[in-house]
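Engineer: Got a structure for you, model27.tsv, holding TSV, C-alpha atoms.
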```tsv
chain	number	residue	atom	x	y	z
A	1	MET	CA	10.15	-5.01	-7.06
A	2	ARG	CA	8.83	-3.96	-3.66
A	3	PRO	CA	5.07	-3.68	-3.10
A	4	PHE	CA	3.93	-0.12	-3.76
A	5	GLU	CA	2.57	0.01	-0.22
A	6	ASP	CA	6.18	0.10	1.00
A	7	VAL	CA	6.84	3.13	-1.19
A	8	VAL	CA	3.87	4.98	0.31
A	9	ALA	CA	4.91	4.04	3.83
A	10	GLU	CA	8.52	5.10	3.32
A	11	HIS	CA	8.11	8.29	1.30
A	12	GLY	CA	4.53	9.49	1.91
A	13	ALA	CA	5.44	11.87	4.72
A	14	THR	CA	8.38	13.49	2.92
A	15	VAL	CA	6.38	13.99	-0.27
A	16	LEU	CA	3.59	15.61	1.77
A	17	ARG	CA	6.08	18.04	3.33
A	18	VAL	CA	7.43	18.88	-0.12
A	19	CYS	CA	3.89	19.46	-1.43
A	20	ARG	CA	3.05	21.65	1.56
A	21	ALA	CA	6.16	23.73	0.99
A	22	VAL	CA	5.65	24.11	-2.76
A	23	VAL	CA	1.89	24.57	-3.19
A	24	GLY	CA	0.80	25.37	0.38
A	25	PRO	CA	-1.32	23.54	2.93
A	26	VAL	CA	-4.64	23.78	1.06
A	27	ASP	CA	-3.51	22.33	-2.27
A	28	ALA	CA	-0.90	19.95	-0.81
A	29	GLU	CA	-3.26	17.02	-0.39
A	30	ASP	CA	-4.49	17.24	-3.99
A	31	ALA	CA	-0.88	17.38	-5.17
A	32	TRP	CA	0.08	14.41	-2.97
A	33	SER	CA	-2.88	12.35	-4.19
A	34	GLU	CA	-2.16	13.03	-7.84
A	35	THR	CA	1.52	12.29	-7.29
A	36	PHE	CA	0.96	8.88	-5.73
A	37	LEU	CA	-1.75	7.87	-8.19
A	38	SER	CA	0.57	8.75	-11.10
A	39	ALA	CA	3.41	6.93	-9.37
A	40	LEU	CA	1.29	3.82	-8.81
A	41	ARG	CA	0.35	3.80	-12.48
A	42	ALA	CA	3.96	4.08	-13.65
A	43	TYR	CA	5.54	1.99	-10.88
A	44	PRO	CA	5.91	-1.34	-12.77
A	45	ASP	CA	8.09	0.46	-15.35
A	46	LEU	CA	10.41	2.07	-12.81
A	47	PRO	CA	13.94	0.81	-13.54
A	48	ALA	CA	15.53	-1.37	-10.86
A	49	GLY	CA	17.85	0.63	-8.64
A	50	ALA	CA	16.16	3.95	-9.40
A	51	ASN	CA	16.14	6.58	-6.64
A	52	VAL	CA	12.48	6.26	-5.63
A	53	GLU	CA	12.33	9.47	-3.63
A	54	ALA	CA	13.83	11.53	-6.45
A	55	TRP	CA	11.37	9.88	-8.85
A	56	LEU	CA	8.44	10.79	-6.56
A	57	VAL	CA	9.63	14.38	-6.19
A	58	THR	CA	9.89	14.64	-9.98
A	59	ILE	CA	6.28	13.51	-10.29
A	60	ALA	CA	5.23	15.80	-7.43
A	61	HIS	CA	6.96	18.70	-9.17
A	62	ARG	CA	4.91	18.14	-12.33
A	63	ARG	CA	1.69	17.50	-10.40
A	64	ALA	CA	2.23	20.56	-8.23
A	65	VAL	CA	2.64	22.69	-11.34
A	66	ASP	CA	-0.69	21.25	-12.59
A	67	VAL	CA	-2.42	21.88	-9.28
A	68	GLY	CA	-1.06	25.43	-9.24
A	69	ARG	CA	-2.37	26.03	-12.75
A	70	ALA	CA	-5.79	24.64	-11.87
A	71	ARG	CA	-5.92	26.87	-8.81
A	72	SER	CA	-5.04	29.99	-10.74
A	73	ARG	CA	-7.92	29.20	-13.13
A	74	ARG	CA	-10.39	28.64	-10.31
A	75	PRO	CA	-12.41	31.50	-8.83
A	76	VAL	CA	-10.97	32.96	-5.64
A	77	PRO	CA	-12.54	31.19	-2.64
A	78	THR	CA	-15.05	33.13	-0.61
A	79	ALA	CA	-15.29	33.24	3.16
A	80	THR	CA	-17.04	29.86	3.33
A	81	LEU	CA	-14.85	26.89	2.56
A	82	PRO	CA	-16.91	23.69	2.63
A	83	ASP	CA	-15.42	20.21	2.28
A	84	ARG	CA	-12.00	21.33	3.29
A	85	PRO	CA	-10.09	19.80	6.21
A	86	ALA	CA	-10.30	21.95	9.29
A	87	ALA	CA	-7.29	24.25	9.33
A	88	HIS	CA	-6.48	23.55	12.96
A	89	ALA	CA	-6.14	19.81	12.19
A	90	ASP	CA	-3.46	20.46	9.64
A	91	PRO	CA	0.07	21.27	10.83
A	92	GLY	CA	0.81	22.92	7.50
A	93	ALA	CA	-2.04	25.31	8.15
A	94	ARG	CA	-1.41	25.44	11.88
A	95	ASP	CA	1.78	27.25	11.08
A	96	PRO	CA	0.46	29.73	8.51
A	97	ASP	CA	3.46	32.02	8.97
A	98	LEU	CA	5.76	29.47	7.38
A	99	TRP	CA	3.59	29.11	4.30
A	100	THR	CA	3.22	32.90	4.12
A	101	ALA	CA	6.99	33.21	4.16
A	102	LEU	CA	7.42	30.43	1.58
A	103	GLN	CA	4.74	31.96	-0.61
A	104	ARG	CA	6.71	35.21	-0.78
A	105	LEU	CA	9.65	33.47	-2.41
A	106	PRO	CA	10.00	33.35	-6.18
A	107	THR	CA	8.68	29.95	-7.34
A	108	LYS	CA	12.07	28.53	-8.29
A	109	GLN	CA	13.54	29.49	-4.94
A	110	ARG	CA	10.63	27.86	-3.11
A	111	GLN	CA	11.00	24.70	-5.21
A	112	ALA	CA	14.79	24.58	-4.80
A	113	VAL	CA	14.47	25.00	-1.03
A	114	ALA	CA	11.85	22.24	-0.78
A	115	TYR	CA	13.58	19.77	-3.08
A	116	HIS	CA	16.97	20.23	-1.44
A	117	HIS	CA	16.27	20.92	2.22
A	118	ILE	CA	13.16	18.72	2.64
A	119	ALA	CA	13.60	15.96	0.05
A	120	GLY	CA	17.40	16.00	0.02
A	121	LEU	CA	17.74	16.02	-3.76
A	122	PRO	CA	21.18	16.92	-5.14
A	123	PHE	CA	21.36	20.20	-7.04
A	124	ALA	CA	22.12	18.43	-10.34
A	125	GLU	CA	18.69	16.75	-10.18
A	126	ILE	CA	16.95	19.90	-9.02
A	127	ALA	CA	18.48	21.74	-11.97
A	128	GLU	CA	16.85	19.25	-14.33
A	129	LEU	CA	13.45	19.86	-12.75
A	130	LEU	CA	13.80	23.64	-12.77
A	131	GLY	CA	15.43	23.84	-16.17
A	132	ASN	CA	18.51	25.66	-14.92
A	133	SER	CA	22.08	24.79	-14.01
A	134	PRO	CA	23.20	23.08	-10.79
A	135	ASP	CA	24.88	26.33	-9.76
A	136	ALA	CA	21.68	28.28	-10.37
A	137	ALA	CA	19.70	25.69	-8.41
A	138	ARG	CA	22.18	25.95	-5.54
A	139	ARG	CA	21.92	29.75	-5.56
A	140	ALA	CA	18.12	29.59	-5.66
A	141	ALA	CA	18.07	27.32	-2.60
A	142	ALA	CA	20.58	29.48	-0.74
A	143	ASP	CA	18.81	32.75	-1.58
A	144	GLY	CA	15.44	31.26	-0.72
A	145	LEU	CA	16.65	29.99	2.61
A	146	LYS	CA	18.24	33.32	3.44
A	147	THR	CA	15.02	35.19	2.71
A	148	LEU	CA	13.02	32.63	4.67
A	149	ARG	CA	15.17	33.00	7.73
A	150	LYS	CA	14.92	36.76	7.50
A	151	HIS	CA	11.12	36.87	7.28
A	152	TYR	CA	10.11	33.83	9.25
A	153	ARG	CA	10.45	33.75	13.02
A	154	GLU	CA	13.01	36.55	12.96
A	155	ASP	CA	12.89	36.74	16.71
A	156	GLU	CA	13.84	33.08	17.12
A	157	THR	CA	16.74	32.99	14.70
A	158	ALA	CA	19.66	33.17	17.04
B	1	MET	CA	19.12	24.71	12.46
B	2	ILE	CA	18.10	24.62	8.78
B	3	PRO	CA	15.72	21.65	8.90
B	4	ASN	CA	13.95	23.04	11.97
B	5	ILE	CA	12.51	25.84	9.91
B	6	PHE	CA	10.34	23.23	8.18
B	7	ASP	CA	9.04	21.50	11.29
B	8	GLY	CA	5.70	23.21	10.74
B	9	LEU	CA	5.24	21.14	7.57
B	10	GLU	CA	5.65	17.84	9.40
B	11	ALA	CA	3.16	15.26	8.15
B	12	ASP	CA	0.84	14.05	10.88
B	13	ASP	CA	-0.59	10.53	10.99
B	14	GLY	CA	-4.14	11.78	10.53
B	15	ALA	CA	-3.31	13.47	7.24
B	16	LEU	CA	-1.35	10.47	5.98
B	17	ALA	CA	-4.18	8.07	6.90
B	18	ARG	CA	-6.68	10.28	5.09
B	19	LEU	CA	-4.43	10.47	2.02
B	20	HIS	CA	-3.90	6.71	2.05
B	21	GLN	CA	-7.67	6.13	2.00
B	22	ARG	CA	-8.03	8.55	-0.86
B	23	LEU	CA	-5.27	6.73	-2.76
B	24	GLU	CA	-7.01	3.38	-2.21
B	25	HIS	CA	-10.21	4.82	-3.65
B	26	ASP	CA	-8.52	6.61	-6.56
B	27	ALA	CA	-6.41	3.56	-7.45
B	28	HIS	CA	-9.49	1.36	-7.57
B	29	THR	CA	-11.40	3.87	-9.69
B	30	ALA	CA	-8.46	4.27	-12.07
B	31	ASP	CA	-8.13	0.47	-12.34
B	32	VAL	CA	-4.51	0.42	-11.19
B	33	LEU	CA	-5.08	-1.41	-7.91
B	34	ASP	CA	-3.75	-4.78	-9.08
B	35	VAL	CA	-3.45	-6.34	-5.62
B	36	ALA	CA	-5.42	-5.12	-2.59
B	37	TYR	CA	-4.75	-6.56	0.84
B	38	ARG	CA	-5.66	-6.38	4.50
B	39	THR	CA	-5.13	-8.48	7.62
B	40	ILE	CA	-7.76	-9.89	9.96
B	41	ASP	CA	-7.54	-11.39	13.44
B	42	THR	CA	-8.83	-14.95	13.79
B	43	PRO	CA	-8.60	-17.80	16.29
B	44	VAL	CA	-5.67	-19.13	14.22
B	45	GLY	CA	-3.81	-15.81	14.33
B	46	ALA	CA	-3.57	-12.87	11.95
B	47	LEU	CA	-4.48	-13.81	8.39
B	48	LEU	CA	-3.37	-11.80	5.38
B	49	LEU	CA	-6.04	-11.56	2.66
B	50	ALA	CA	-5.11	-10.38	-0.84
B	51	ALA	CA	-7.29	-9.98	-3.91
B	52	THR	CA	-6.84	-9.08	-7.56
B	53	THR	CA	-9.69	-7.60	-9.56
B	54	ALA	CA	-10.64	-11.21	-10.39
B	55	GLY	CA	-10.99	-12.39	-6.81
B	56	LEU	CA	-9.31	-13.58	-3.64
B	57	VAL	CA	-5.81	-14.61	-4.69
B	58	ARG	CA	-3.99	-15.32	-1.41
B	59	VAL	CA	-4.68	-16.10	2.23
B	60	ALA	CA	-1.56	-16.29	4.38
B	61	TYR	CA	-0.81	-17.30	7.93
B	62	ASP	CA	1.42	-15.24	10.17
B	63	VAL	CA	4.06	-18.01	10.16
B	64	GLU	CA	4.45	-17.58	6.40
B	65	GLY	CA	5.68	-14.00	7.02
B	66	HIS	CA	3.21	-11.46	5.64
B	67	ASP	CA	5.93	-9.16	4.31
B	68	ALA	CA	7.51	-12.04	2.41
B	69	VAL	CA	4.10	-13.05	1.03
B	70	LEU	CA	3.43	-9.49	-0.16
B	71	ALA	CA	6.86	-9.34	-1.77
B	72	GLY	CA	6.01	-12.60	-3.54
B	73	LEU	CA	2.72	-11.17	-4.82
B	74	ALA	CA	4.57	-8.10	-6.09
B	75	ASP	CA	6.94	-10.39	-8.02
B	76	ARG	CA	4.43	-12.88	-9.34
B	77	ILE	CA	1.37	-10.72	-10.01
B	78	SER	CA	2.16	-7.00	-9.96
B	79	PRO	CA	4.06	-4.52	-7.76
B	80	ARG	CA	0.92	-2.36	-7.69
B	81	VAL	CA	0.12	-3.67	-4.23
B	82	LEU	CA	-1.76	-1.52	-1.72
B	83	ARG	CA	-3.27	-2.04	1.70
B	84	ALA	CA	-6.87	-1.43	0.63
B	85	PRO	CA	-9.38	-3.23	2.87
B	86	ALA	CA	-12.55	-2.46	0.92
B	87	ARG	CA	-11.98	-5.13	-1.72
B	88	LEU	CA	-11.58	-7.72	1.05
B	89	ASP	CA	-14.64	-6.75	3.08
B	90	ASN	CA	-16.76	-9.63	1.83
B	91	ALA	CA	-14.06	-12.27	2.29
B	92	ALA	CA	-13.21	-10.95	5.76
B	93	ARG	CA	-16.85	-11.07	6.81
B	94	GLN	CA	-17.26	-14.65	5.56
B	95	ILE	CA	-14.12	-15.81	7.36
B	96	ASP	CA	-15.42	-14.20	10.57
B	97	GLU	CA	-18.70	-16.08	10.09
B	98	TYR	CA	-16.82	-19.32	9.49
B	99	PHE	CA	-14.94	-19.01	12.79
B	100	ALA	CA	-18.22	-18.09	14.52
B	101	LYS	CA	-19.71	-21.34	13.14
B	102	ARG	CA	-22.26	-19.39	11.14
B	103	ARG	CA	-20.85	-20.37	7.73
B	104	THR	CA	-19.86	-23.70	6.18
B	105	VAL	CA	-19.31	-22.64	2.56
B	106	PHE	CA	-17.32	-19.69	1.24
B	107	GLU	CA	-18.98	-17.72	-1.50
B	108	VAL	CA	-16.26	-15.37	-2.74
B	109	PRO	CA	-14.76	-15.11	-6.23
B	110	VAL	CA	-11.30	-16.68	-6.21
B	111	ASP	CA	-8.30	-16.09	-8.45
B	112	LEU	CA	-6.29	-19.33	-8.66
B	113	ARG	CA	-3.46	-17.99	-10.81
B	114	LEU	CA	-0.88	-18.88	-8.14
B	115	ALA	CA	-1.59	-22.59	-8.56
B	116	ASP	CA	-1.06	-24.27	-11.91
B	117	GLY	CA	-0.63	-27.72	-13.38
B	118	PHE	CA	-0.79	-30.60	-10.92
B	119	ARG	CA	-1.12	-28.25	-7.95
B	120	ARG	CA	-4.08	-26.57	-9.60
B	121	ASP	CA	-5.77	-29.99	-10.03
B	122	VAL	CA	-5.28	-30.71	-6.32
B	123	ILE	CA	-6.61	-27.28	-5.30
B	124	GLU	CA	-9.67	-27.69	-7.52
B	125	HIS	CA	-10.40	-31.05	-5.91
B	126	LEU	CA	-10.00	-29.65	-2.38
B	127	ARG	CA	-12.85	-27.25	-3.08
B	128	ASP	CA	-15.18	-30.26	-3.28
B	129	ILE	CA	-14.34	-31.62	0.18
B	130	ALA	CA	-17.33	-30.55	2.25
B	131	TYR	CA	-17.30	-28.84	5.63
B	132	GLY	CA	-16.61	-31.29	8.44
B	133	ARG	CA	-15.43	-34.05	6.04
B	134	ARG	CA	-11.87	-35.37	5.83
B	135	GLU	CA	-9.95	-37.09	3.06
B	136	SER	CA	-6.56	-38.76	3.15
B	137	TYR	CA	-3.70	-37.60	0.93
B	138	ALA	CA	-4.01	-40.99	-0.82
B	139	THR	CA	-7.73	-40.47	-1.49
B	140	VAL	CA	-7.03	-37.05	-3.02
B	141	ALA	CA	-4.22	-38.50	-5.15
B	142	ALA	CA	-6.55	-41.21	-6.44
B	143	ALA	CA	-9.38	-38.74	-7.04
B	144	ILE	CA	-7.29	-36.62	-9.40
B	145	GLY	CA	-6.04	-39.68	-11.26
B	146	HIS	CA	-2.51	-39.87	-9.81
B	147	PRO	CA	-2.85	-42.55	-7.12
B	148	ARG	CA	0.92	-42.80	-6.56
B	149	ALA	CA	1.44	-39.06	-6.18
B	150	VAL	CA	0.59	-39.01	-2.47
B	151	ARG	CA	3.63	-36.97	-1.47
B	152	ALA	CA	3.04	-34.51	-4.32
B	153	VAL	CA	-0.50	-34.01	-3.03
B	154	GLY	CA	1.00	-33.12	0.35
B	155	THR	CA	3.28	-30.58	-1.34
B	156	ALA	CA	0.37	-29.13	-3.31
B	157	CYS	CA	-1.62	-28.75	-0.07
B	158	ALA	CA	1.36	-27.04	1.56
B	159	HIS	CA	1.37	-24.55	-1.33
B	160	ASN	CA	-2.36	-23.91	-1.29
B	161	PRO	CA	-2.58	-20.17	-2.01
B	162	LEU	CA	-5.92	-19.89	-0.18
B	163	PRO	CA	-5.76	-21.88	3.07
B	164	VAL	CA	-8.93	-21.80	5.21
B	165	VAL	CA	-11.03	-20.74	2.20
B	166	ILE	CA	-9.86	-23.71	0.12
B	167	PRO	CA	-9.87	-26.45	2.75
B	168	CYS	CA	-6.50	-28.17	2.55
B	169	HIS	CA	-6.88	-28.63	6.32
B	170	ARG	CA	-9.46	-31.34	5.54
B	171	VAL	CA	-6.75	-33.53	4.03
B	172	VAL	CA	-5.24	-35.77	6.71
B	173	ARG	CA	-3.01	-38.82	6.91
B	174	SER	CA	-4.39	-42.30	6.23
B	175	ASP	CA	-3.80	-43.30	9.87
B	176	GLY	CA	-6.12	-40.47	10.96
B	177	SER	CA	-3.43	-38.15	12.34
B	178	THR	CA	-3.70	-34.59	11.08
B	179	GLY	CA	-0.34	-34.31	9.31
B	180	GLN	CA	1.45	-31.17	8.15
B	181	TYR	CA	-0.17	-27.81	7.53
B	182	VAL	CA	0.89	-24.47	6.08
B	183	GLY	CA	-0.40	-22.72	9.21
B	184	GLY	CA	1.22	-25.21	11.58
B	185	PRO	CA	-0.30	-28.32	13.17
B	186	LEU	CA	-2.10	-26.36	15.89
B	187	ALA	CA	-4.00	-24.26	13.32
B	188	LYS	CA	-4.96	-27.42	11.44
B	189	SER	CA	-6.39	-29.13	14.51
B	190	THR	CA	-8.17	-25.89	15.48
B	191	LEU	CA	-9.96	-25.84	12.12
B	192	LEU	CA	-10.77	-29.56	12.23
B	193	ASP	CA	-12.09	-29.28	15.79
B	194	LEU	CA	-14.16	-26.23	14.87
B	195	GLU	CA	-15.81	-28.11	12.01
B	196	ALA	CA	-16.31	-31.27	14.09
B	197	ALA	CA	-17.93	-29.50	17.04
```
The structure in this file should be written as structure tokens.
Structural biologist:
Amino acid sequence: MRPFEDVVAEHGATVLRVCRAVVGPVDAEDAWSETFLSALRAYPDLPAGANVEAWLVTIAHRRAVDVGRARSRRPVPTATLPDRPAAHADPGARDPDLWTALQRLPTKQRQAVAYHHIAGLPFAEIAELLGNSPDAARRAAADGLKTLRKHYREDETA
Amino acid sequence: MIPNIFDGLEADDGALARLHQRLEHDAHTADVLDVAYRTIDTPVGALLLAATTAGLVRVAYDVEGHDAVLAGLADRISPRVLRAPARLDNAARQIDEYFAKRRTVFEVPVDLRLADGFRRDVIEHLRDIAYGRRESYATVAAAIGHPRAVRAVGTACAHNPLPVVIPCHRVVRSDGSTGQYVGGPLAKSTLLDLEAA
């Protein structure tokens, strides 16, 4: 089994992009951290030959749902946001329009778009995560992408 | 076309470095950091240092191939291996002091699980060879009660999991020549010269 450090090095960036797309730039780092800590804990039991990226996205999916729930229970942040990374240092936040556009999508569409177009998961696996059929997952990704392209950078979509 | 839409989510190195540090801390706190490692630069090249929760478990020379050594630790100890320097701070500082001639004895907890049986006996004996002293392979063999196992002592030294810290470099040939070394002959003479100066 490869050292877990290799897993972080190989998949850390992709999982962060998935987290940013699914829960947004502010909660993404919490989701990433919980994902990799859970993965590290479970790693020795991962079957040989497993698709590591799909496994990580599965964990991220569950963690992101948890982070989302925690956020919805928390009070709405006020104007002062201490202890948070500066927005301008974070590309996810540097491009707030993208997150705004993603946020407008129904959750399953946002998840299907992220898992397929960022993580490259096949629709059969996405369907298992979303609890729908591969066809429904494919439609969710296609509809989500269509809406995204309509609302995001309309002027640049040539 | 399609992937470009998501360029704005691209992970930057700063964020990934910050997240890695947080993972190191969280893994330690959650007691799932089975093997922590870092590398340090020394006069004998880059050394890999690895520690379990019990102590320093491996020191490796560049020529051993650090990736191969880490893969070995993942197989033999646990795949929960992370680059997490904090656990190695004390060992790194003491090795720096050793090369600066400000330290003659290492005081770090060690985990000798990678050496067992005869090799473990040899390693335990090596720990008693004082700074600046030398012993022949034959002397070591006699000291552990296997006077004819001179070659096996050489093999045990070559498989010392903690070179530098456990001084297999102080074991030389009976004719006074330095002999083989896991870090190469140049590293061995560098250490012997350092301690003799």
Engineer: One decimal, in Å: what's the spacing between CA of Pro167 (chain B) and CA of Leu126 (chain B)?
Structural biologist: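 These atoms are spaced 6.0 Å apart.
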Engineer: What is the CA of Leu70 (chain B) to CA of Ala13 (chain A) distance in Å?
Structural biologist: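 About the pair CA of Leu70 (chain B) and CA of Ala13 (chain A): they are 22.0 Å apart.
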Engineer: Would you kindly report the residues of chain A within 7 Å of chain B, using only C-alpha atoms, as a compact mmCIF listing (two decimals) with C-alpha atoms, in the frame of the given file?
Structural biologist:
```txt
# COMPACT_ATOMS: atom_id res chain seq x y z
CA MET A 1 10.15 -5.01 -7.06
CA ARG A 2 8.83 -3.96 -3.66
CA PRO A 3 5.07 -3.68 -3.10
CA PHE A 4 3.93 -0.12 -3.76
CA GLU A 5 2.57 0.01 -0.22
CA ALA A 13 5.44 11.87 4.72
CA LEU A 16 3.59 15.61 1.77
CA ARG A 17 6.08 18.04 3.33
CA ARG A 20 3.05 21.65 1.56
CA SER A 33 -2.88 12.35 -4.19
CA LEU A 37 -1.75 7.87 -8.19
CA LEU A 40 1.29 3.82 -8.81
CA ARG A 41 0.35 3.80 -12.48
CA PRO A 44 5.91 -1.34 -12.77
CA PRO A 91 0.07 21.27 10.83
CA GLY A 92 0.81 22.92 7.50
CA ASP A 95 1.78 27.25 11.08
CA HIS A 117 16.27 20.92 2.22
```
Engineer: How far is it from CA of Val108 (chain B) to CA of Thr39 (chain B), in Å with one decimal?
Structural biologist: 16.7 Å
Engineer: Counting only C-alpha atoms, select every polymer residue within 12 Å of (-8.2, -11.2, 9.9) as defined in the file's coordinates, and provide the selection as number ranges by chain.
Structural biologist: B: 37-50, 59-62, 85, 88-99, 164
Engineer: Smallest atom-to-atom distance to Leu192 (chain B): which of B:Ala141, B:Ala51, B:Ala158, B:Val171, using all atoms listed in the file?
Structural biologist: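 Checking each of B:Ala141, B:Ala51, B:Ala158, B:Val171 against Leu192 (chain B), counting all atoms listed in the file, the winner is B:Val171.
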Engineer: Name all residues at most 10 Å from Ser189 (chain B) (count all atoms listed in the file; drop same-chain ones fewer than 6 positions away) and give them as a PyMOL selection string.
Structural biologist: chain B and resi 169-170+177-179+181+195
Engineer: Please provide the set of residues having any atom within 8 Å of Ala31 (chain A), restricted to only C-alpha atoms, with same-chain residues fewer than 3 positions apart removed, written as a compact mmCIF listing (two decimals) with C-alpha atoms, keeping the file's coordinate frame.
Structural biologist:
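selection-v1.txt was written with the following content:
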```
# COMPACT_ATOMS: atom_id res chain seq x y z
CA CYS A 19 3.89 19.46 -1.43
CA VAL A 23 1.89 24.57 -3.19
CA ASP A 27 -3.51 22.33 -2.27
CA ALA A 28 -0.90 19.95 -0.81
CA GLU A 34 -2.16 13.03 -7.84
CA THR A 35 1.52 12.29 -7.29
CA ALA A 60 5.23 15.80 -7.43
CA ARG A 63 1.69 17.50 -10.40
CA ALA A 64 2.23 20.56 -8.23
CA VAL A 67 -2.42 21.88 -9.28
```
Engineer: Given the choices B:Arg103, B:Arg119, B:Ala17, B:Ser174, which gets closest to Val8 (chain A) if the distance is worked out from only C-alpha atoms?
Structural biologist: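 Counting only C-alpha atoms, the residue closest to Val8 (chain A) is B:Ala17.
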Engineer: Write out as a ChimeraX atom specification each polymer residue whose atoms come within 12 Å of Ala101 (chain A), counting only C-alpha atoms; drop sequence neighbours fewer than 2 positions from it.
Structural biologist: /A:21-22,24,95-99,103-106,109-110,144-154 /B:5-6
Engineer: Find, counting only C-alpha atoms, the residue in A:Asp66, A:Glu10, A:Glu125, A:Asp30 that gets nearest to Val52 (chain A).
Structural biologist: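 For Val52 (chain A), the nearest of the given residues is A:Glu10.
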